[in-house]
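Quick look at input-v2.txt (compact mmCIF, C-alpha atoms):
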# COMPACT_ATOMS: atom_id res chain seq x y z
CA ASP A 1 3.20 -49.70 24.79
CA VAL A 2 3.31 -46.37 22.98
CA ILE A 3 -0.49 -46.21 22.93
CA LYS A 4 -0.66 -46.90 26.67
CA GLN A 5 1.88 -44.15 27.33
CA VAL A 6 -0.16 -41.69 25.31
CA GLN A 7 -3.36 -42.74 27.09
CA THR A 8 -1.87 -42.42 30.55
CA ALA A 9 0.02 -39.18 29.88
CA ASP A 10 -0.96 -36.12 31.86
CA TYR A 11 -1.93 -33.30 29.50
CA GLN A 12 -2.29 -29.64 30.36
CA PHE A 13 -3.90 -26.98 28.17
CA GLN A 14 -3.34 -23.25 28.43
CA ILE A 15 -5.56 -20.84 26.52
CA HIS A 16 -3.90 -17.64 25.29
CA SER A 17 -5.71 -14.53 24.17
CA LEU A 18 -5.17 -13.38 20.59
CA SER A 19 -3.66 -10.06 21.70
CA THR A 20 -1.17 -11.89 23.94
CA LEU A 21 -0.04 -14.17 21.11
CA VAL A 22 0.27 -11.24 18.68
CA ALA A 23 2.32 -9.27 21.21
CA ARG A 24 4.59 -12.24 21.92
CA TYR A 25 5.35 -12.95 18.28
CA SER A 26 5.71 -9.26 17.45
CA SER A 27 8.26 -8.75 20.21
CA SER A 28 10.27 -11.82 19.17
CA MET A 29 10.16 -11.09 15.45
CA VAL A 30 13.04 -9.40 13.63
CA ILE A 31 12.77 -8.11 10.05
CA ASP A 32 15.96 -7.12 8.22
CA ASN A 33 16.36 -5.52 4.82
CA PRO A 34 19.82 -6.15 3.29
CA GLN A 35 21.20 -2.92 1.89
CA TYR A 36 20.55 -2.17 -1.81
CA THR A 37 18.01 -5.02 -2.11
CA ASN A 38 14.24 -5.40 -2.03
CA VAL A 39 14.49 -8.58 0.06
CA LEU A 40 13.15 -8.88 3.60
CA THR A 41 14.58 -11.45 6.00
CA VAL A 42 12.10 -12.41 8.73
CA SER A 43 13.11 -14.35 11.83
CA VAL A 44 11.38 -15.24 15.08
CA GLU A 45 12.52 -16.88 18.30
CA ASP A 46 10.54 -19.78 19.76
CA ILE A 47 11.27 -22.62 22.14
CA ILE A 48 9.74 -24.97 19.55
CA PRO A 49 11.59 -24.61 16.20
CA GLU A 50 8.90 -26.40 14.21
CA ARG A 51 6.23 -24.02 15.51
CA ALA A 52 8.34 -21.00 14.56
CA ALA A 53 8.82 -22.37 11.03
CA ILE A 54 5.09 -22.99 10.62
CA PHE A 55 4.34 -19.48 11.90
CA LEU A 56 6.74 -17.81 9.45
CA ASP A 57 5.51 -19.84 6.46
CA THR A 58 1.92 -19.02 7.35
CA LEU A 59 2.74 -15.34 7.89
CA THR A 60 4.32 -14.97 4.44
CA GLN A 61 1.43 -16.80 2.78
CA VAL A 62 -1.16 -14.60 4.53
CA TYR A 63 0.82 -11.47 3.59
CA ILE A 64 0.84 -12.46 -0.08
CA GLU A 65 -2.87 -13.32 -0.03
CA LYS A 66 -3.69 -10.02 1.71
CA SER A 67 -1.76 -8.07 -0.92
CA LEU A 68 -3.68 -9.84 -3.67
CA ASP A 69 -7.00 -9.26 -1.90
CA THR A 70 -6.23 -5.54 -1.69
CA ARG A 71 -5.53 -5.29 -5.41
CA PHE A 72 -8.62 -7.34 -6.30
CA GLU A 73 -10.71 -5.11 -4.04
CA LEU A 74 -9.30 -2.04 -5.79
CA ASN A 75 -10.22 -3.52 -9.16
CA LYS A 76 -13.70 -4.50 -7.94
CA ASN A 77 -14.44 -1.02 -6.58
CA THR A 78 -13.23 0.53 -9.80
CA LEU A 79 -15.63 -1.62 -11.83
CA PHE A 80 -18.46 -0.77 -9.44
CA TYR A 81 -17.80 2.95 -9.87
CA ILE A 82 -17.60 2.73 -13.68
CA ASP A 83 -20.79 0.64 -13.88
CA ASN A 84 -22.69 3.22 -11.82
CA GLN A 85 -21.43 6.02 -14.04
CA MET A 86 -22.42 4.10 -17.18
CA LEU A 87 -25.88 3.48 -15.73
CA ASN A 88 -26.36 7.20 -15.11
CA VAL A 89 -25.13 8.13 -18.59
CA THR A 90 -27.41 5.51 -20.18
CA GLY A 91 -30.40 7.07 -18.43
CA ILE A 92 -29.43 10.52 -19.68
CA LEU A 93 -28.99 9.25 -23.24
CA ASN A 94 -32.42 7.61 -23.22
CA ASP A 95 -33.98 10.86 -22.02
CA MET A 96 -32.10 12.85 -24.67
CA GLU A 97 -33.27 10.52 -27.44
CA ASP A 98 -36.90 11.00 -26.38
CA THR A 99 -36.42 14.76 -26.12
CA LEU A 100 -34.79 14.94 -29.55
CA GLU A 101 -37.55 12.91 -31.17
CA ASP A 102 -40.29 15.03 -29.57
CA PHE A 103 -38.55 18.25 -30.60
CA ARG A 104 -38.19 17.16 -34.22
CA ALA A 105 -41.85 16.07 -34.36
CA SER A 106 -43.28 19.18 -32.72
CA ASN A 107 -41.20 21.59 -34.82
CA ALA A 108 -41.29 19.68 -38.11
CA ILE A 109 -37.48 19.71 -38.45
CA LEU A 110 -35.97 17.22 -40.87
CA ASP A 111 -32.34 18.34 -41.13
CA LEU A 112 -30.05 21.33 -40.87
CA ASP A 113 -28.70 23.11 -43.91
CA LYS A 114 -25.05 22.71 -44.84
CA GLU A 115 -23.91 25.91 -43.15
CA GLY A 116 -25.74 25.05 -39.94
CA ALA A 117 -24.34 21.51 -40.00
CA LYS A 118 -20.80 22.91 -40.28
CA TYR A 119 -21.25 25.19 -37.27
CA PHE A 120 -22.99 22.36 -35.51
CA ASP A 121 -20.00 20.00 -35.96
CA GLN A 122 -17.48 22.67 -34.98
CA TYR A 123 -19.39 23.50 -31.84
CA PHE A 124 -19.57 19.83 -30.84
CA ALA A 125 -15.86 19.32 -31.46
CA TYR A 126 -14.86 22.27 -29.27
CA ASP A 127 -17.36 21.37 -26.58
CA ASN A 128 -16.27 17.72 -26.44
CA LYS A 129 -12.60 18.68 -26.18
CA LYS A 130 -13.43 21.16 -23.43
CA LYS A 131 -15.44 18.52 -21.59
CA ASP A 132 -12.55 16.05 -21.76
CA LEU A 133 -10.14 18.65 -20.43
CA GLN A 134 -12.51 19.53 -17.58
CA ILE A 135 -12.69 15.85 -16.64
CA GLN A 136 -8.90 15.71 -16.68
CA LEU A 137 -8.71 18.83 -14.53
CA GLN A 138 -11.12 17.37 -11.97
CA SER A 139 -9.13 14.13 -11.88
CA ILE A 140 -5.95 16.12 -11.30
CA ASN A 141 -7.56 18.04 -8.42
CA ASN A 142 -8.85 14.84 -6.82
CA LEU A 143 -5.52 13.10 -7.26
CA GLU A 144 -3.69 16.06 -5.71
CA LYS A 145 -5.98 15.94 -2.65
CA TYR A 146 -5.33 12.20 -2.35
CA ILE A 147 -1.55 12.64 -2.57
CA ILE A 148 -1.47 15.45 0.00
CA GLY A 149 -3.99 14.26 2.54
CA SER A 150 -4.76 10.53 2.32
CA LYS A 151 -3.01 8.03 4.55
CA ASP A 152 -5.77 5.42 4.46
CA SER A 153 -4.78 2.40 2.38
CA LEU A 154 -8.45 1.57 1.71
CA PHE A 155 -9.04 4.92 0.01
CA LEU A 156 -8.84 4.44 -3.74
CA PRO A 157 -6.70 6.76 -5.87
CA PRO A 158 -8.94 8.96 -8.10
CA ALA A 159 -6.74 8.20 -11.10
CA VAL A 160 -8.09 4.64 -11.28
CA TYR A 161 -11.60 6.01 -11.83
CA LEU A 162 -11.03 8.52 -14.61
CA SER A 163 -7.88 7.77 -16.51
CA PHE A 164 -7.05 10.00 -19.45
CA GLY A 165 -4.08 8.19 -20.92
CA ASP A 166 -1.33 9.80 -18.86
CA LYS A 167 1.00 6.86 -18.26
CA PHE A 168 3.14 8.79 -15.77
CA LEU A 169 0.18 9.58 -13.50
CA GLU A 170 -1.40 6.14 -13.88
CA SER A 171 1.82 4.33 -13.01
CA ASN A 172 2.78 6.57 -10.09
CA ALA A 173 -0.75 6.65 -8.62
CA ALA A 174 -0.82 2.84 -8.64
CA ASN A 175 2.67 2.66 -7.09
CA LEU A 176 1.69 5.18 -4.41
CA PHE A 177 -1.38 3.13 -3.49
CA LEU A 178 0.65 -0.09 -3.27
CA LEU A 179 3.37 1.58 -1.17
CA GLN A 180 0.80 2.95 1.25
CA THR A 181 -0.73 -0.50 1.55
CA GLU A 182 2.71 -2.01 2.14
CA TYR A 183 3.47 0.66 4.76
CA ASN A 184 0.27 -0.12 6.70
CA GLN A 185 0.99 -3.83 6.55
CA LEU A 186 4.55 -3.30 7.82
CA LEU A 187 3.21 -1.30 10.75
CA ASN A 188 1.49 -4.48 11.95
CA SER A 189 4.66 -6.56 11.85
CA VAL A 190 7.63 -4.34 12.69
CA LYS A 191 8.49 -1.76 15.31
CA PRO A 192 8.51 2.02 14.64
CA GLY A 193 11.82 3.22 13.27
CA HIS A 194 12.49 -0.06 11.45
CA GLN A 195 14.63 0.23 8.33
CA GLY A 196 11.91 -1.30 6.16
CA LEU A 197 9.45 1.42 7.21
CA ALA A 198 12.03 4.11 6.51
CA ILE A 199 12.65 2.79 2.99
CA VAL A 200 8.93 2.64 2.17
CA THR A 201 8.36 6.12 3.64
CA GLN A 202 11.20 7.55 1.55
CA ALA A 203 9.76 5.96 -1.59
CA ILE A 204 6.29 7.39 -0.81
CA ASP A 205 7.68 10.90 -0.24
CA SER A 206 9.65 10.74 -3.49
CA ILE A 207 6.62 9.67 -5.55
CA ARG A 208 4.43 12.32 -3.91
CA SER A 209 6.93 15.09 -4.63
CA ASN A 210 7.35 14.10 -8.29
CA MET A 211 3.61 13.75 -8.84
CA LEU A 212 2.74 17.09 -7.22
CA ASN A 213 5.23 18.96 -9.42
CA TYR A 214 3.89 17.15 -12.50
CA LEU A 215 0.27 17.90 -11.56
CA ARG A 216 0.93 21.63 -11.07
CA ASN A 217 2.48 21.94 -14.53
CA ASP A 218 -0.25 19.79 -16.08
CA ARG A 219 -3.00 21.88 -14.47
CA THR A 220 -1.56 25.11 -15.89
CA ALA A 221 -1.39 23.63 -19.40
CA ILE A 222 -4.94 22.25 -19.22
CA LYS A 223 -6.41 25.54 -18.00
CA GLN A 224 -4.76 27.36 -20.89
CA SER A 225 -6.15 24.82 -23.35
CA ILE A 226 -9.64 25.18 -21.85
CA LYS A 227 -9.42 28.95 -22.22
CA SER A 228 -8.45 28.67 -25.88
CA LEU A 229 -11.22 26.16 -26.59
CA SER A 230 -13.77 28.39 -24.87
CA GLN A 231 -12.82 31.26 -27.16
CA GLU A 232 -13.13 29.07 -30.25
CA ARG A 233 -16.46 27.70 -29.05
CA ASP A 234 -17.83 31.19 -28.38
CA THR A 235 -16.97 32.23 -31.90
CA THR A 236 -18.82 29.21 -33.27
CA LYS A 237 -21.73 29.92 -30.93
CA ASN A 238 -22.08 33.42 -32.40
CA ASN A 239 -22.24 31.86 -35.85
CA ILE A 240 -24.93 29.46 -34.66
CA LYS A 241 -27.06 32.43 -33.57
CA THR A 242 -27.51 33.29 -37.23
CA ILE A 243 -29.41 30.02 -37.65
CA PRO A 244 -33.20 30.09 -37.06
CA ALA A 245 -34.41 29.51 -33.49
CA LYS A 246 -35.85 26.05 -34.14
CA GLN A 247 -32.57 24.81 -35.53
CA ARG A 248 -30.67 26.30 -32.57
CA GLY A 249 -32.89 24.30 -30.24
CA LEU A 250 -32.09 21.16 -32.17
CA ILE A 251 -28.36 21.90 -32.01
CA ASN A 252 -28.53 22.31 -28.24
CA ILE A 253 -30.20 18.92 -27.79
CA GLU A 254 -27.80 17.22 -30.21
CA ARG A 255 -24.82 18.74 -28.42
CA LYS A 256 -25.90 17.30 -25.04
CA ARG A 257 -26.56 13.91 -26.61
CA ARG A 258 -23.15 13.71 -28.28
CA VAL A 259 -21.32 14.79 -25.13
CA ASN A 260 -22.95 11.97 -23.16
CA GLU A 261 -22.35 9.48 -25.98
CA ASP A 262 -18.63 10.29 -25.89
CA LEU A 263 -18.60 9.94 -22.11
CA TYR A 264 -20.30 6.54 -22.39
CA VAL A 265 -17.72 5.31 -24.91
CA PHE A 266 -14.92 6.57 -22.65
CA LEU A 267 -16.36 4.70 -19.64
CA LEU A 268 -16.86 1.57 -21.74
CA LYS A 269 -13.17 1.57 -22.70
CA GLN A 270 -12.17 2.10 -19.07
CA ARG A 271 -14.32 -0.84 -18.00
CA ALA A 272 -12.74 -3.11 -20.61
CA ASN A 273 -9.26 -2.05 -19.48
CA THR A 274 -10.16 -2.69 -15.84
CA VAL A 275 -11.48 -6.19 -16.61
CA ILE A 276 -8.29 -6.99 -18.55
CA ALA A 277 -6.17 -5.62 -15.70
CA ARG A 278 -7.94 -7.96 -13.25
CA ALA A 279 -6.79 -10.99 -15.21
CA ALA A 280 -3.21 -9.73 -14.99
CA ILE A 281 -3.15 -9.37 -11.19
CA ILE A 282 -0.38 -11.53 -9.77
CA PRO A 283 1.47 -11.48 -6.43
CA LEU A 284 4.10 -8.76 -6.20
CA THR A 285 5.83 -10.65 -3.39
CA LYS A 286 7.23 -14.16 -3.40
CA VAL A 287 8.97 -16.42 -0.90
CA ILE A 288 12.62 -16.98 -1.80
CA GLU A 289 13.28 -19.56 0.90
CA ARG A 290 10.95 -21.39 3.25
CA ALA A 291 11.43 -21.02 6.99
CA ARG A 292 14.07 -23.23 8.61
CA SER A 293 15.59 -23.59 12.06
CA ASN A 294 19.00 -22.10 12.82
CA GLY A 295 19.37 -24.28 15.88
CA ILE A 296 19.62 -23.24 19.52
CA ILE A 297 20.51 -19.57 19.88
CA ARG A 298 19.98 -19.21 23.63
CA PRO A 299 21.03 -19.84 26.26
CA ASP A 300 24.60 -19.55 24.99
CA ARG A 301 26.13 -22.61 26.63
CA LYS A 302 29.71 -21.82 25.65
CA LYS A 303 29.45 -18.33 27.05
CA ILE A 304 27.98 -19.62 30.30
CA ILE A 305 30.76 -22.21 30.62
CA TYR A 306 33.45 -19.60 29.99
CA LEU A 307 31.95 -17.26 32.55
CA PHE A 308 31.63 -20.07 35.09
CA VAL A 309 35.20 -21.29 34.58
CA GLY A 310 36.50 -17.72 34.70
CA THR A 311 34.93 -17.09 38.07
Go ahead and express the file in the form of structure tokens.
Amino acid sequence: DVIKQVQTADYQFQIHSLSTLVARYSSSMVIDNPQYTNVLTVSVEDIIPERAAIFLDTLTQVYIEKSLDTRFELNKNTLFYIDNQMLNVTGILNDMEDTLEDFRASNAILDLDKEGAKYFDQYFAYDNKKKDLQIQLQSINNLEKYIIGSKDSLFLPPAVYLSFGDKFLESNAANLFLLQTEYNQLLNSVKPGHQGLAIVTQAIDSIRSNMLNYLRNDRTAIKQSIKSLSQERDTTKNNIKTIPAKQRGLINIERKRRVNEDLYVFLLKQRANTVIARAAIIPLTKVIERARSNGIIRPDRKKIIYLFVGT
């Protein structure tokens, strides 16, 4: 009998456009953030409770997966950038090795004397430190531009490319990126002026302000250090000029080779850290309670009865 009823039933299908469905659910959705918590309560009205529960469970799952995808994409792009940089440095090192070998052969140079070797090592040490500081300074400039001007969640923070061990900047740059991503995702699910948006915006402004003040002070200190290193390097350079011309040529080639070797080692460490960080990526959001029906909320039958009896 049940089968016959199903077979003889009159079915009607109505096709909705995606934009219409999105608008309907967006208008019926309410997102609350209890004060002093990081919990979001999401509710939606629907004439079919089961459909509303399925929608909310699916929405939270997609949100979590999207957050993970964003962080994996960030990690992937970082590895891609580092690999390209390492490829370029490897090419430079190969060229420098060939140049060094040709120079030694053509000029019959076996080794530097002790005094030349001392100046040679000093010059390299100052030059490498200066190079590291210049890289830090460039990272600071790029990060400052990102903090001031970027509102695109797909734009990667410069700090993830060239980290120089500053835990404050690394942590806050990562938090800023995640907050911007969260802000853009909230824009797709809540109305302007929502409390959740205001909280995220306030957190973004606070991180930006703290980072900009930190970067200004850090830039001043780095520039002063670069100036001091330049003076020390110039003194060593004058000492190198006392060495014969052939040996000075060798020093110049060795200096370039060592600088690029240090850069390669730095990038290699960053790549290893990025690969390790990928394995540690876990969802930052979790579902506390699955969606459930709160029963009929409208029409309010009691209210209608009271109004009817009162009239």
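Note that the spacing between CA of Asn75 (chain A) and CA of Ile281 (chain A) amounts to 9.4 Å.
Within 9 Å of Thr236 (chain A), once all atoms listed in the file are used and residues closer than 2 positions along the same chain are dropped, the contacting residues are Tyr119, Phe120, Gln122, Tyr123, Tyr126, Gln231, Glu232, Arg233, Asp234, Asn238, Asn239, Ile240 and Lys241 of chain A.
With all atoms listed in the file as the atoms that count, the residue of A:Asn252, A:Thr285, A:Asn184, A:Gln224 with the shortest distance to Asp121 (chain A) is A:Asn252.
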Between CA of Asp262 (chain A) and CA of Met96 (chain A) - distance in Å to one decimal
13.8 Å
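Taking CA of Tyr25 (chain A) as the reference point, CA of Val44 (chain A) is found at 7.2 Å.
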Would you pick out the contacts of region 206-219 of chain A at 9 Å or less, using all atoms listed in the file, so that residues sharing its chain but fewer than 4 positions from it are not included, and give the list as a PyMOL selection string?
chain A and resi 136-137+140-141+143-144+147-148+168-169+172-173+175-176+201-202+223-224
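Using only C-alpha atoms, the smallest distance between any of A:Gln14, A:Val200, A:Gln138, A:Phe72 and Ala280 (chain A) comes from A:Phe72.
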Here is a test: counting only C-alpha atoms, which residue of A:Asn260, A:Gln35, A:Thr8, A:Ser43 is nearest to Asn294 (chain A)?
A:Ser43
Residue neighbourhood Ile82 (chain A), 12 Å, all atoms listed in the file, exclusion window fewer than 5 positions, as a count of residues only
23
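Nearest to Glu97 (chain A) of all the residues A:Lys237, A:Arg255, A:Lys286, A:Arg278 is A:Arg255, counting all atoms listed in the file.
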